[in-house]
Structures are given as C-alpha cells and as structure tokens.
file input28.csv (CSV, C-alpha atoms (C1' of nucleotides))
chain,number,residue,atom,x,y,z
A,235,MET,CA,41.3,89.4,104.3
A,236,LYS,CA,44.2,88.0,106.3
A,237,GLN,CA,41.6,86.6,108.7
A,238,SER,CA,43.8,83.6,109.4
A,239,GLU,CA,46.3,85.7,111.2
A,240,ARG,CA,48.7,84.0,113.6
A,241,ILE,CA,46.9,82.8,116.7
A,242,GLY,CA,50.2,81.3,117.9
A,243,ALA,CA,51.7,84.7,118.1
A,244,LYS,CA,48.9,86.1,120.2
A,245,ILE,CA,49.1,83.1,122.6
A,246,ALA,CA,52.9,83.5,122.8
A,247,TYR,CA,52.4,87.2,123.7
A,248,ILE,CA,49.9,86.5,126.4
A,249,PHE,CA,52.0,83.6,127.7
A,250,SER,CA,55.2,85.7,128.0
A,251,HIS,CA,53.3,88.4,129.8
A,252,ASN,CA,51.8,86.0,132.3
A,253,HIS,CA,55.2,84.5,132.9
A,254,ARG,CA,56.9,87.8,133.4
A,255,TYR,CA,54.2,89.1,135.7
A,256,ILE,CA,54.2,86.0,138.0
A,257,GLU,CA,58.0,85.9,138.0
A,258,ARG,CA,58.2,89.5,139.3
A,259,ALA,CA,55.4,89.1,141.8
A,260,LEU,CA,57.1,86.1,143.4
A,261,GLU,CA,60.7,87.1,143.2
A,262,SER,CA,60.6,88.5,146.7
A,263,TYR,CA,59.8,85.1,148.1
A,264,ASN,CA,62.8,83.6,146.2
A,265,LEU,CA,60.4,81.6,144.0
A,266,LYS,CA,61.9,81.5,140.5
A,267,GLY,CA,60.8,79.8,137.4
A,268,PRO,CA,58.7,76.7,137.9
A,269,MET,CA,59.1,76.7,141.7
A,270,PHE,CA,55.7,78.2,142.5
A,271,ALA,CA,54.0,75.6,140.3
A,272,PHE,CA,55.6,72.8,142.2
A,273,LEU,CA,54.6,74.3,145.5
A,274,LEU,CA,51.1,74.9,144.4
A,275,THR,CA,50.8,71.3,143.2
A,276,LEU,CA,52.1,70.0,146.4
A,277,SER,CA,49.6,72.1,148.4
A,278,HIS,CA,46.9,69.8,147.1
A,279,LYS,CA,48.8,66.7,146.1
A,280,ASP,CA,51.0,66.4,149.1
A,281,GLY,CA,53.3,63.3,149.1
A,282,CYS,CA,53.7,63.1,145.3
A,283,SER,CA,56.9,61.6,144.0
A,284,GLN,CA,59.2,63.7,142.0
A,285,GLU,CA,58.5,61.8,138.9
A,286,CYS,CA,54.7,62.3,139.4
A,287,LEU,CA,55.3,66.1,139.9
A,288,ALA,CA,57.4,66.3,136.8
A,289,ARG,CA,54.9,64.4,134.7
A,290,TYR,CA,52.0,66.4,136.0
A,291,LEU,CA,53.7,69.8,135.4
A,292,LYS,CA,55.3,68.7,132.1
A,293,PHE,CA,58.9,69.3,133.2
A,294,SER,CA,61.8,66.9,132.9
A,295,LYS,CA,62.7,64.9,135.9
A,296,ALA,CA,66.1,66.6,135.8
A,297,THR,CA,64.3,69.9,136.3
A,298,ALA,CA,62.1,68.4,139.0
A,299,THR,CA,65.2,67.2,140.9
A,300,ARG,CA,66.7,70.7,140.7
A,301,VAL,CA,63.6,72.6,141.6
A,302,ILE,CA,62.8,70.3,144.6
A,303,THR,CA,66.4,70.4,145.8
A,304,THR,CA,66.2,74.2,145.9
A,305,LEU,CA,62.8,74.2,147.6
A,306,GLU,CA,64.2,71.8,150.1
A,307,LYS,CA,67.2,74.0,150.9
A,308,GLN,CA,64.8,76.9,151.4
A,309,GLY,CA,62.8,74.9,153.8
A,310,TYR,CA,59.6,75.0,151.7
A,311,VAL,CA,59.4,71.3,151.1
A,312,TYR,CA,60.9,68.1,152.6
A,313,ARG,CA,61.4,64.7,151.3
A,314,GLU,CA,60.9,61.2,152.7
A,315,LYS,CA,62.0,58.0,151.2
A,316,ASP,CA,59.0,55.8,150.5
A,317,GLU,CA,59.1,52.9,153.0
A,318,ASP,CA,57.8,50.3,150.4
A,319,ASP,CA,59.8,51.5,147.4
A,320,ARG,CA,63.2,52.9,148.3
A,321,ARG,CA,63.6,54.5,144.9
A,322,ILE,CA,60.8,56.9,145.5
A,323,TYR,CA,61.0,60.2,147.3
A,324,ARG,CA,57.7,61.4,148.7
A,325,VAL,CA,57.7,65.2,148.6
A,326,PHE,CA,55.8,67.2,151.2
A,327,ILE,CA,55.2,70.8,151.6
A,328,SER,CA,56.3,72.3,154.9
A,329,ASP,CA,54.4,74.7,157.0
A,330,GLU,CA,56.6,77.5,155.8
A,331,GLY,CA,56.0,76.4,152.2
A,332,ARG,CA,52.3,76.3,152.8
A,333,GLY,CA,52.5,79.8,154.1
A,334,LEU,CA,53.4,81.0,150.7
A,335,ILE,CA,50.4,79.5,149.0
A,336,PRO,CA,48.2,82.6,149.6
A,337,ALA,CA,50.8,84.8,148.1
A,338,ILE,CA,51.1,82.6,145.1
A,339,ASN,CA,47.4,82.5,144.7
A,340,SER,CA,47.0,86.2,144.9
A,341,ALA,CA,49.8,86.7,142.4
A,342,LEU,CA,47.9,84.4,140.0
A,343,GLN,CA,44.7,86.1,140.8
A,344,GLU,CA,46.1,89.6,140.2
A,345,TRP,CA,47.3,88.6,136.8
A,346,ASN,CA,43.9,87.0,136.0
A,347,ASP,CA,42.2,90.2,137.1
A,348,ILE,CA,44.4,92.4,134.9
A,349,PHE,CA,44.2,90.0,132.0
A,350,LEU,CA,40.4,89.8,132.1
A,351,SER,CA,39.7,93.3,133.1
A,352,ASP,CA,38.2,94.4,129.8
A,353,LEU,CA,36.0,91.4,129.5
A,354,SER,CA,32.4,91.2,130.8
A,355,ASP,CA,31.5,88.2,133.0
A,356,GLU,CA,29.8,86.6,130.1
A,357,GLU,CA,32.8,87.1,127.8
A,358,GLU,CA,35.1,85.7,130.5
A,359,GLN,CA,33.0,82.6,130.7
A,360,ILE,CA,33.0,82.1,127.0
A,361,PHE,CA,36.8,82.7,126.9
A,362,ARG,CA,37.4,80.1,129.5
A,363,ASN,CA,35.2,77.6,127.7
A,364,LEU,CA,37.0,78.2,124.4
A,365,LEU,CA,40.4,77.8,126.1
A,366,ASP,CA,39.3,74.6,127.6
A,367,LYS,CA,37.8,73.3,124.4
A,368,THR,CA,41.0,74.1,122.4
A,369,LYS,CA,43.2,72.7,125.1
A,370,ASN,CA,41.2,69.5,125.0
A,371,THR,CA,41.6,69.4,121.2
A,372,LEU,CA,45.4,69.5,121.6
A,373,VAL,CA,45.3,66.8,124.4
A,374,GLU,CA,43.3,64.6,122.1
A,375,PHE,CA,45.6,65.3,119.1
A,376,ASP,CA,48.6,64.3,121.2
A,377,ARG,CA,47.0,61.1,122.3
A,378,LYS,CA,46.3,60.2,118.7
A,379,SER,CA,49.7,61.1,117.4
A,380,SER,CA,51.5,59.1,120.1
A,381,LYS,CA,49.4,56.1,119.1
A,382,GLN,CA,50.3,56.8,115.5
A,383,MET,CA,54.0,56.8,116.4
A,384,LYS,CA,54.4,53.0,116.5
A,385,ASN,CA,53.1,52.7,112.9
A,386,ASN,CA,55.5,55.3,111.6
A,387,TYR,CA,58.6,53.2,112.2
A,388,GLN,CA,58.7,51.7,108.7
A,389,ILE,CA,61.4,51.5,106.1
A,390,SER,CA,61.0,54.3,103.5
A,391,GLY,CA,60.4,53.4,99.9
B,231,MET,CA,33.0,76.9,142.7
B,232,LYS,CA,36.7,77.3,141.8
B,233,GLN,CA,35.6,79.2,138.8
B,234,SER,CA,38.7,81.4,138.9
B,235,GLU,CA,40.9,78.5,137.8
B,236,ARG,CA,44.3,79.2,136.4
B,237,ILE,CA,44.0,80.8,133.0
B,238,GLY,CA,47.7,81.1,132.8
B,239,ALA,CA,48.1,77.4,133.0
B,240,LYS,CA,45.9,76.9,130.0
B,241,ILE,CA,47.7,79.5,128.0
B,242,ALA,CA,51.0,78.0,128.9
B,243,TYR,CA,49.8,74.6,127.8
B,244,ILE,CA,48.6,75.9,124.4
B,245,PHE,CA,51.8,77.9,124.0
B,246,SER,CA,54.1,74.9,124.5
B,247,HIS,CA,52.1,72.8,122.1
B,248,ASN,CA,52.2,75.4,119.5
B,249,HIS,CA,55.9,75.8,120.0
B,250,ARG,CA,56.6,72.1,119.8
B,251,TYR,CA,54.5,71.7,116.7
B,252,ILE,CA,56.1,74.5,114.8
B,253,GLU,CA,59.6,73.4,115.9
B,254,ARG,CA,59.0,69.9,114.5
B,255,ALA,CA,57.4,71.1,111.3
B,256,LEU,CA,60.3,73.4,110.5
B,257,GLU,CA,63.3,71.3,111.7
B,258,SER,CA,63.8,69.8,108.2
B,259,TYR,CA,64.5,73.3,106.9
B,260,ASN,CA,67.0,73.9,109.7
B,261,LEU,CA,64.9,76.6,111.2
B,262,LYS,CA,65.2,76.4,114.9
B,263,GLY,CA,63.7,78.5,117.7
B,264,PRO,CA,63.0,82.0,116.7
B,265,MET,CA,64.5,81.7,113.2
B,266,PHE,CA,61.2,81.3,111.4
B,267,ALA,CA,59.8,84.4,113.2
B,268,PHE,CA,62.7,86.5,112.0
B,269,LEU,CA,62.3,85.3,108.4
B,270,LEU,CA,58.6,85.8,108.5
B,271,THR,CA,59.0,89.3,109.7
B,272,LEU,CA,61.6,90.1,107.1
B,273,SER,CA,59.3,88.8,104.4
B,274,HIS,CA,57.1,91.9,104.9
B,275,LYS,CA,59.5,94.3,106.7
B,276,ASP,CA,62.5,93.8,104.5
B,277,GLY,CA,65.5,96.0,105.3
B,278,CYS,CA,64.8,96.2,109.1
B,279,SER,CA,67.7,96.7,111.3
B,280,GLN,CA,68.6,94.0,113.8
B,281,GLU,CA,67.6,96.2,116.7
B,282,CYS,CA,64.2,96.8,115.1
B,283,LEU,CA,63.7,93.1,114.6
B,284,ALA,CA,64.6,92.3,118.1
B,285,ARG,CA,62.3,94.9,119.5
B,286,TYR,CA,59.4,93.9,117.2
B,287,LEU,CA,59.8,90.2,118.1
B,288,LYS,CA,60.6,90.8,121.7
B,289,PHE,CA,64.0,89.1,121.7
B,290,SER,CA,67.2,90.6,123.1
B,291,LYS,CA,69.6,92.1,120.6
B,292,ALA,CA,72.1,89.4,121.6
B,293,THR,CA,69.7,86.8,120.4
B,294,ALA,CA,68.9,88.8,117.2
B,295,THR,CA,72.6,88.9,116.4
B,296,ARG,CA,73.0,85.1,116.8
B,297,VAL,CA,69.8,84.3,114.9
B,298,ILE,CA,70.6,86.6,112.0
B,299,THR,CA,74.2,85.4,111.9
B,300,THR,CA,72.9,81.8,111.6
B,301,LEU,CA,70.4,82.7,108.9
B,302,GLU,CA,73.1,84.5,107.0
B,303,LYS,CA,75.3,81.5,107.1
B,304,GLN,CA,72.5,79.4,105.8
B,305,GLY,CA,72.0,82.0,103.0
B,306,TYR,CA,68.4,82.9,104.0
B,307,VAL,CA,69.2,86.5,104.7
B,308,TYR,CA,72.0,89.0,103.9
B,309,ARG,CA,73.1,92.1,105.6
B,310,GLU,CA,74.1,95.5,104.3
B,311,LYS,CA,75.6,98.4,106.3
B,312,ASP,CA,73.3,101.4,106.2
B,313,GLU,CA,75.0,104.0,104.1
B,314,ASP,CA,73.9,106.9,106.3
B,315,ASP,CA,74.5,105.3,109.6
B,316,ARG,CA,77.4,102.9,109.7
B,317,ARG,CA,76.3,101.3,113.0
B,318,ILE,CA,73.2,99.9,111.4
B,319,TYR,CA,72.9,96.6,109.5
B,320,ARG,CA,69.9,96.5,107.2
B,321,VAL,CA,68.8,92.9,107.0
B,322,PHE,CA,67.3,91.5,103.8
B,323,ILE,CA,65.7,88.2,103.1
B,324,SER,CA,67.3,86.3,100.2
B,325,ASP,CA,65.4,84.5,97.4
B,326,GLU,CA,66.2,81.3,99.1
B,327,GLY,CA,64.9,82.6,102.3
B,328,ARG,CA,61.8,83.9,100.7
B,329,GLY,CA,61.4,80.4,99.3
B,330,LEU,CA,60.8,79.1,102.8
B,331,ILE,CA,57.9,81.5,103.5
B,332,PRO,CA,55.2,79.2,102.1
B,333,ALA,CA,56.5,76.3,104.1
B,334,ILE,CA,56.5,78.4,107.3
B,335,ASN,CA,53.0,79.7,106.6
B,336,SER,CA,51.7,76.3,106.0
B,337,ALA,CA,53.2,75.0,109.2
B,338,LEU,CA,51.5,77.8,111.1
B,339,GLN,CA,48.3,77.2,109.2
B,340,GLU,CA,48.4,73.5,109.9
B,341,TRP,CA,48.7,74.2,113.6
B,342,ASN,CA,45.9,76.7,113.5
B,343,ASP,CA,43.8,74.1,111.8
B,344,ILE,CA,44.4,71.5,114.4
B,345,PHE,CA,44.1,73.9,117.2
B,346,LEU,CA,40.8,75.3,116.0
B,347,SER,CA,39.4,72.1,114.6
B,348,ASP,CA,36.7,71.6,117.2
B,349,LEU,CA,35.4,75.2,117.0
B,350,SER,CA,32.7,76.4,114.7
B,351,ASP,CA,33.4,79.4,112.4
B,352,GLU,CA,31.5,81.6,114.8
B,353,GLU,CA,33.4,80.3,117.8
B,354,GLU,CA,36.7,80.8,116.1
B,355,GLN,CA,35.7,84.4,115.3
B,356,ILE,CA,34.8,85.0,118.9
B,357,PHE,CA,37.9,83.4,120.2
B,358,ARG,CA,40.1,85.5,117.9
B,359,ASN,CA,38.3,88.6,119.2
B,360,LEU,CA,38.8,87.7,122.8
B,361,LEU,CA,42.5,87.0,122.2
B,362,ASP,CA,42.9,90.3,120.6
B,363,LYS,CA,41.0,92.1,123.3
B,364,THR,CA,43.0,90.5,126.1
B,365,LYS,CA,46.2,91.1,124.3
B,366,ASN,CA,45.4,94.7,124.0
B,367,THR,CA,44.6,94.9,127.7
B,368,LEU,CA,48.1,93.6,128.4
B,369,VAL,CA,49.7,96.0,125.9
B,370,GLU,CA,47.9,98.9,127.5
B,371,PHE,CA,48.8,97.7,131.0
B,372,ASP,CA,52.5,97.6,130.0
B,373,ARG,CA,52.3,101.0,128.6
B,374,LYS,CA,50.9,102.3,131.8
B,375,SER,CA,53.3,100.5,134.1
B,376,SER,CA,56.3,101.7,132.2
B,377,LYS,CA,55.1,105.3,132.6
B,378,GLN,CA,54.6,104.5,136.3
B,379,MET,CA,58.2,103.4,136.6
B,380,LYS,CA,59.7,106.9,136.8
B,381,ASN,CA,57.6,107.7,139.8
B,382,ASN,CA,58.7,104.6,141.6
B,383,TYR,CA,62.3,105.7,142.0
B,384,GLN,CA,61.8,107.3,145.4
B,385,ILE,CA,63.6,106.9,148.7
B,386,SER,CA,61.9,104.5,150.9
B,387,GLY,CA,60.6,105.7,154.3
C,280,DA,C1',85.5,121.6,117.3
C,281,DC,C1',85.4,118.8,121.4
C,282,DC,C1',83.5,115.8,124.8
C,283,DA,C1',79.4,113.4,126.8
C,284,DA,C1',75.6,110.7,126.0
C,285,DT,C1',73.3,107.6,123.1
C,286,DT,C1',72.7,103.9,119.9
C,287,DA,C1',73.5,99.4,117.0
C,288,DG,C1',75.7,95.5,117.2
C,289,DT,C1',78.9,91.9,119.4
C,290,DT,C1',80.9,89.2,123.0
C,291,DT,C1',81.0,87.4,127.5
C,292,DT,C1',78.8,85.5,131.3
C,293,DA,C1',75.3,83.3,134.0
C,294,DC,C1',71.6,80.5,134.1
C,295,DA,C1',67.6,77.4,133.0
C,296,DT,C1',66.3,73.5,130.8
C,297,DG,C1',65.8,68.8,128.3
C,298,DA,C1',68.2,64.7,126.6
C,299,DA,C1',71.1,61.2,127.6
C,300,DA,C1',74.0,58.7,130.5
C,301,DC,C1',74.2,56.9,134.8
C,302,DT,C1',73.0,54.7,139.7
C,303,DA,C1',70.2,52.3,142.7
C,304,DA,C1',66.0,49.8,143.6
C,305,DT,C1',62.3,47.0,142.1
C,306,DT,C1',59.8,43.7,139.1
C,307,DA,C1',59.5,40.0,135.8
C,308,DA,C1',61.1,36.1,133.5
C,309,DA,C1',64.0,32.2,133.1
D,264,DT,C1',67.5,32.4,142.7
D,265,DT,C1',69.8,34.6,139.1
D,266,DT,C1',69.4,37.8,135.4
D,267,DA,C1',67.1,41.2,132.4
D,268,DA,C1',64.1,45.0,132.1
D,269,DT,C1',62.0,48.7,134.2
D,270,DT,C1',61.6,52.7,137.2
D,271,DA,C1',62.9,56.9,140.3
D,272,DG,C1',66.1,60.0,140.8
D,273,DT,C1',70.8,62.3,139.8
D,274,DT,C1',74.5,64.0,137.0
D,275,DT,C1',76.5,65.4,132.8
D,276,DC,C1',76.3,67.6,128.6
D,277,DA,C1',74.6,70.6,125.0
D,278,DT,C1',71.8,74.4,123.9
D,279,DG,C1',69.2,78.7,124.0
D,280,DT,C1',68.5,82.9,126.2
D,281,DA,C1',68.9,87.6,128.6
D,282,DA,C1',71.8,90.8,131.0
D,283,DA,C1',75.9,93.2,131.2
D,284,DA,C1',80.1,94.6,129.4
D,285,DC,C1',82.1,96.0,125.5
D,286,DT,C1',83.2,98.4,120.7
D,287,DA,C1',82.2,101.5,117.2
D,288,DA,C1',79.5,105.1,115.2
D,289,DT,C1',76.4,109.0,115.8
D,290,DT,C1',74.2,112.9,118.0
D,291,DG,C1',73.9,116.7,121.1
D,292,DG,C1',75.6,120.3,124.1
D,293,DT,C1',79.0,123.5,125.1

call {"tool": "encode", "arguments": {"input": "input28.csv", "output": "structure tokens"}}
result
Amino acid sequence: MKQSERIGAKIAYIFSHNHRYIERALESYNLKGPMFAFLLTLSHKDGCSQECLARYLKFSKATATRVITTLEKQGYVYREKDEDDRRIYRVFISDEGRGLIPAINSALQEWNDIFLSDLSDEEEQIFRNLLDKTKNTLVEFDRKSSKQMKNNYQISG
Amino acid sequence: MKQSERIGAKIAYIFSHNHRYIERALESYNLKGPMFAFLLTLSHKDGCSQECLARYLKFSKATATRVITTLEKQGYVYREKDEDDRRIYRVFISDEGRGLIPAINSALQEWNDIFLSDLSDEEEQIFRNLLDKTKNTLVEFDRKSSKQMKNNYQISG
DNA sequence: ACCAATTAGTTTTACATGAAACTAATTAAA
DNA sequence: TTTAATTAGTTTCATGTAAAACTAATTGGT
C-alpha cells in the first residue's frame, strides 16, 4: 500500500543535504554556490569557453559570467581572448585555483563517504548503476521531447 | 578506476529534472515552486500551523508565510487563528484546494513513471530501498552533528 | 503580578539565478 | 562587399529564497 511514494521528495532531500554539506565544507575557501563546479570542470577541461562551461554545467551564461568574474577576481582562474574568434574567452585555471582541487575533491569524497556509509560495497555498486540508468532515462526523455517541440507548434482546434 | 565518481552530480541532475517537470506540469493551476508541496501536506495534515509546515517541508517561515498568503489569495487554503494560542494560524485546505490534489498526484506519478521507466519492478524496489537507506543515513548524521554543535562552542587555542 | 525569554508569524534586506535585452564579433547569403 | 543571422559574453530585470529584524502573544521564573 502506498508503495508509489514520492521518489522526488527523497531525491530532493538528498540533494539539499549534499548541497548544504559541500557549501559549508568549501566556504573557508570563499567558494560559494556553483564556483567549485566551475573550478573542478576547468581542472580537466582547461581553456573552455564560458558558454561551453555554462552548457556543460547546466547554468545560464549570465551565471557563468558572474561566477567566472568572481573566480578571476580571487585569482583562481584567468581569461584570454581567443586569437581566432575575438568573441570567445578561453578560461584557464591558475596555479592557485588548481591548488584548491584537492580540497574540493576531498569535500566531495567526504560527503560520498557519509552518504554511502551504511551501504555495502555491493549495494553501493548497485546504487550507482541505478542512478546512472535513471539519469540516462531522463537524458533520453529530454532528447525526445525537444525533438517533439517542433511538432507542437500547431493551431489549437 | 575513477569508481568514486560524483554521486552528488547525478543526484543534482535528477533533482533538477524532477523540479522542472513538476513545475511545468502544475503551472496551468498557478502552482509555482513549493506551493504544491504545501497543498499536498495540508491534504493529510490539515490544520497545521505555518511554522509546522515550514519545518516539515524544510522551508523558512518567511517562505511559508508567502506561499500560504498566495494560496489563500487563490482560495486553495484558508487560515484560522488558534483559539487557545492567538499567535498560531491553523491552515486548512479548501474544497477547491483539495480539488487540485489528484492533479498534483498525477503529475508526481507521471514523473515517477518516466523516471523509473527503464527499471524492472525488482530494480525499482531495490532503488527505493537504497534511497530510503541513504536518506536515513543523512537524517541520522544530521541528528548527530546538531548534538555535536553544543560542544563546538569553545575558545580556540 | 511582573519581567525575561520564547514562540508564531511578518517584513525587510541581501543575494543568487534565469530570461530577455543588449553589444560585439563572426558567418552566411545576396 | 554589404546585409542578415548567429554566436559569445554582459547587463538589466524579475523572481524566489533565507537570514535577520521586528511584532505580538505566550510561558516561565521570581
């Protein structure tokens, strides 16, 4: 009975905890909100444009501008105009920025460890697979509905 | 290799999809943001105070005030001052509000169905259990850390 | 009975974010 | 080559939220 209880609520709960935990863990480095995600992305995709970062991390380009401006002021990243296309800023992580990566990774790892602490290795593996599987379902669903979009612009009646 | 990949990112992705989906599904009823959650809670906890709703749903009381004010204007809920304690507003769902519950439930159900569509019944069951288990881990962790708090107020050095 | 502390709710303030409008550079089409 | 469309990035605007300050009511201690 009531087996179909709200999965969304559980996900939301876990999400907000994760968010809060990471936020606190990184506040001493002055990394707020999406800043750590941008840094982390740059640590292995150095030289990305702002637009590319925004798209990859699913933030608006307005937010990307703001986040990167802040990170630049803090000296964690620097920007260079692309030589071939003067619209594009290539964003690079600085040495100082790269110095934060271990701290970011351990904050993420700490949360993972807490979050998964009551699961066996096998359960953890299954859980990861199910998360991947459902995530892919959603990615696929999005792809289909964005295709659908075009056909939906029709006069009603 | 790189087995400890970011679970938080997956959770965040799923969360934002859920959010977006529900938001769209309910916008025609003028239910934005946390409004549906308040209504849903009231549908089985009728007569809750605002503070109780806020605490239960993990929103600030400022947000609770605004959400309930809006819902009241729309006629989906009404408030009555508690007779014994005149600080408290008891919040009740109206007939009109209760009329939205099926729509809310089916929006949630629709998303569940999409989200779980690639899982077998058995996988779904396992997934739900793992979500519950990890959620409880976090609840427990919070309980412990809030206890800890008191001991952390000590002079440094 | 009085005053301090607490509690429920509201208002104010600060901030984060996305959408839309905008600017500048590039590409495509004529 | 000139013009239109597109693209990267910025700025402006509207919105949603929590924290803090505030008000009013209640409770507890003396």

call {"tool": "closest_atom_pairs", "arguments": {"input": "input28.csv", "of": "chain B", "to": "chain C", "cutoff": "10 Å", "atoms": "all atoms listed in the file", "output": "JSON lines"}}
result
{"residue": "B:Ser279", "atom": "CA", "partner": "C:DA287", "partner_atom": "C1'", "distance": 8.6}
{"residue": "B:Gln280", "atom": "CA", "partner": "C:DA287", "partner_atom": "C1'", "distance": 8.0}
{"residue": "B:Glu281", "atom": "CA", "partner": "C:DA287", "partner_atom": "C1'", "distance": 6.7}
{"residue": "B:Cys282", "atom": "CA", "partner": "C:DA287", "partner_atom": "C1'", "distance": 9.8}
{"residue": "B:Lys291", "atom": "CA", "partner": "C:DG288", "partner_atom": "C1'", "distance": 7.8}
{"residue": "B:Ala292", "atom": "CA", "partner": "C:DT289", "partner_atom": "C1'", "distance": 7.6}
{"residue": "B:Ala294", "atom": "CA", "partner": "C:DG288", "partner_atom": "C1'", "distance": 9.5}
{"residue": "B:Thr295", "atom": "CA", "partner": "C:DG288", "partner_atom": "C1'", "distance": 7.3}
{"residue": "B:Arg296", "atom": "CA", "partner": "C:DT289", "partner_atom": "C1'", "distance": 9.4}
{"residue": "B:Asp315", "atom": "CA", "partner": "C:DA287", "partner_atom": "C1'", "distance": 9.5}
{"residue": "B:Arg316", "atom": "CA", "partner": "C:DA287", "partner_atom": "C1'", "distance": 9.0}
{"residue": "B:Arg317", "atom": "CA", "partner": "C:DA287", "partner_atom": "C1'", "distance": 5.2}
{"residue": "B:Ile318", "atom": "CA", "partner": "C:DA287", "partner_atom": "C1'", "distance": 5.6}
{"residue": "B:Tyr319", "atom": "CA", "partner": "C:DA287", "partner_atom": "C1'", "distance": 8.0}

call {"tool": "interface_residues", "arguments": {"input": "input28.csv", "of": "chain B", "to": "chain A", "cutoff": "6 Å", "atoms": "only C-alpha atoms", "output": "PDB file with C-alpha atoms, in the frame of the given file"}}
result
ATOM      1  CA  ILE B 241      47.700  79.500 128.000  1.00  0.00           C
ATOM      2  CA  ALA B 242      51.000  78.000 128.900  1.00  0.00           C
ATOM      3  CA  PHE B 245      51.800  77.900 124.000  1.00  0.00           C
TER       4      PHE B 245
END

call {"tool": "atom_distance", "arguments": {"input": "input28.csv", "atom1": "atom CA of Thr299 of chain B", "atom2": "atom CA of Val321 of chain B"}}
result
10.5 Å

call {"tool": "residues_around", "arguments": {"input": "input28.csv", "residues": "Gln308 of chain A", "least_positions_apart": "3", "cutoff": "9 Å", "atoms": "all atoms listed in the file", "output": "ChimeraX atom specification"}}
result
/A:264,303-305,311,331

call {"tool": "interface_residues", "arguments": {"input": "input28.csv", "of": "chain D", "to": "chain B", "cutoff": "12 Å", "atoms": "all atoms listed in the file", "output": "PyMOL selection string"}}
result
chain D and resi 278-283+286-290

call {"tool": "atom_distance", "arguments": {"input": "input28.csv", "atom1": "atom CA of Tyr306 of chain B", "atom2": "atom CA of Glu326 of chain B"}}
result
5.6 Å

call {"tool": "atom_distance", "arguments": {"input": "input28.csv", "atom1": "atom CA of Met269 of chain A", "atom2": "atom CA of Arg324 of chain A"}}
result
16.9 Å

call {"tool": "closest_residue", "arguments": {"input": "input28.csv", "among": "B:Val297, B:Arg285, B:Gly305, B:Phe268", "to": "Ile331 of chain B", "atoms": "only C-alpha atoms"}}
result
B:Phe268

call {"tool": "closest_residue", "arguments": {"input": "input28.csv", "among": "B:Ala337, B:Leu330, B:Leu256, B:Ile323", "to": "Asp276 of chain B", "atoms": "only C-alpha atoms"}}
result
B:Ile323

call {"tool": "build_atoms", "arguments": {"input": "input28.csv", "residues": "segment 314-326 of chain B", "atoms": "N, CA, C and O atoms", "output": "PDB file, in the coordinates of the input"}}
result
ATOM      1  N   ASP B 314      73.963 105.681 105.483  1.00  0.00           N
ATOM      2  CA  ASP B 314      73.900 106.900 106.300  1.00  0.00           C
ATOM      3  C   ASP B 314      74.361 106.754 107.700  1.00  0.00           C
ATOM      4  O   ASP B 314      74.833 107.690 108.336  1.00  0.00           O
ATOM      5  N   ASP B 315      74.139 105.574 108.232  1.00  0.00           N
ATOM      6  CA  ASP B 315      74.500 105.300 109.600  1.00  0.00           C
ATOM      7  C   ASP B 315      75.219 103.993 109.708  1.00  0.00           C
ATOM      8  O   ASP B 315      74.605 102.936 109.718  1.00  0.00           O
ATOM      9  N   ARG B 316      76.529 104.054 109.807  1.00  0.00           N
ATOM     10  CA  ARG B 316      77.400 102.900 109.700  1.00  0.00           C
ATOM     11  C   ARG B 316      77.268 101.918 110.877  1.00  0.00           C
ATOM     12  O   ARG B 316      77.904 100.865 110.885  1.00  0.00           O
ATOM     13  N   ARG B 317      76.473 102.294 111.879  1.00  0.00           N
ATOM     14  CA  ARG B 317      76.300 101.300 113.000  1.00  0.00           C
ATOM     15  C   ARG B 317      75.228 100.294 112.602  1.00  0.00           C
ATOM     16  O   ARG B 317      75.233  99.176 113.092  1.00  0.00           O
ATOM     17  N   ILE B 318      74.334 100.693 111.704  1.00  0.00           N
ATOM     18  CA  ILE B 318      73.200  99.900 111.400  1.00  0.00           C
ATOM     19  C   ILE B 318      73.389  98.846 110.313  1.00  0.00           C
ATOM     20  O   ILE B 318      73.962  99.153 109.277  1.00  0.00           O
ATOM     21  N   TYR B 319      72.980  97.618 110.588  1.00  0.00           N
ATOM     22  CA  TYR B 319      72.900  96.600 109.500  1.00  0.00           C
ATOM     23  C   TYR B 319      71.443  96.567 109.037  1.00  0.00           C
ATOM     24  O   TYR B 319      70.527  96.331 109.822  1.00  0.00           O
ATOM     25  N   ARG B 320      71.251  96.746 107.766  1.00  0.00           N
ATOM     26  CA  ARG B 320      69.900  96.500 107.200  1.00  0.00           C
ATOM     27  C   ARG B 320      69.909  94.997 106.834  1.00  0.00           C
ATOM     28  O   ARG B 320      70.832  94.487 106.190  1.00  0.00           O
ATOM     29  N   VAL B 321      68.866  94.315 107.257  1.00  0.00           N
ATOM     30  CA  VAL B 321      68.800  92.900 107.000  1.00  0.00           C
ATOM     31  C   VAL B 321      67.747  92.617 105.934  1.00  0.00           C
ATOM     32  O   VAL B 321      66.633  93.148 105.993  1.00  0.00           O
ATOM     33  N   PHE B 322      68.155  91.812 104.944  1.00  0.00           N
ATOM     34  CA  PHE B 322      67.300  91.500 103.800  1.00  0.00           C
ATOM     35  C   PHE B 322      67.085  90.008 103.699  1.00  0.00           C
ATOM     36  O   PHE B 322      68.016  89.233 103.943  1.00  0.00           O
ATOM     37  N   ILE B 323      65.905  89.609 103.297  1.00  0.00           N
ATOM     38  CA  ILE B 323      65.700  88.200 103.100  1.00  0.00           C
ATOM     39  C   ILE B 323      66.117  87.862 101.638  1.00  0.00           C
ATOM     40  O   ILE B 323      65.922  88.642 100.693  1.00  0.00           O
ATOM     41  N   SER B 324      66.801  86.726 101.482  1.00  0.00           N
ATOM     42  CA  SER B 324      67.300  86.300 100.200  1.00  0.00           C
ATOM     43  C   SER B 324      66.169  85.578  99.422  1.00  0.00           C
ATOM     44  O   SER B 324      65.135  85.239  99.995  1.00  0.00           O
ATOM     45  N   ASP B 325      66.401  85.312  98.158  1.00  0.00           N
ATOM     46  CA  ASP B 325      65.400  84.500  97.400  1.00  0.00           C
ATOM     47  C   ASP B 325      65.213  83.174  98.013  1.00  0.00           C
ATOM     48  O   ASP B 325      64.084  82.686  98.132  1.00  0.00           O
ATOM     49  N   GLU B 326      66.331  82.604  98.438  1.00  0.00           N
ATOM     50  CA  GLU B 326      66.200  81.300  99.100  1.00  0.00           C
ATOM     51  C   GLU B 326      65.410  81.356 100.351  1.00  0.00           C
ATOM     52  O   GLU B 326      64.568  80.505 100.623  1.00  0.00           O
TER      53      GLU B 326
END
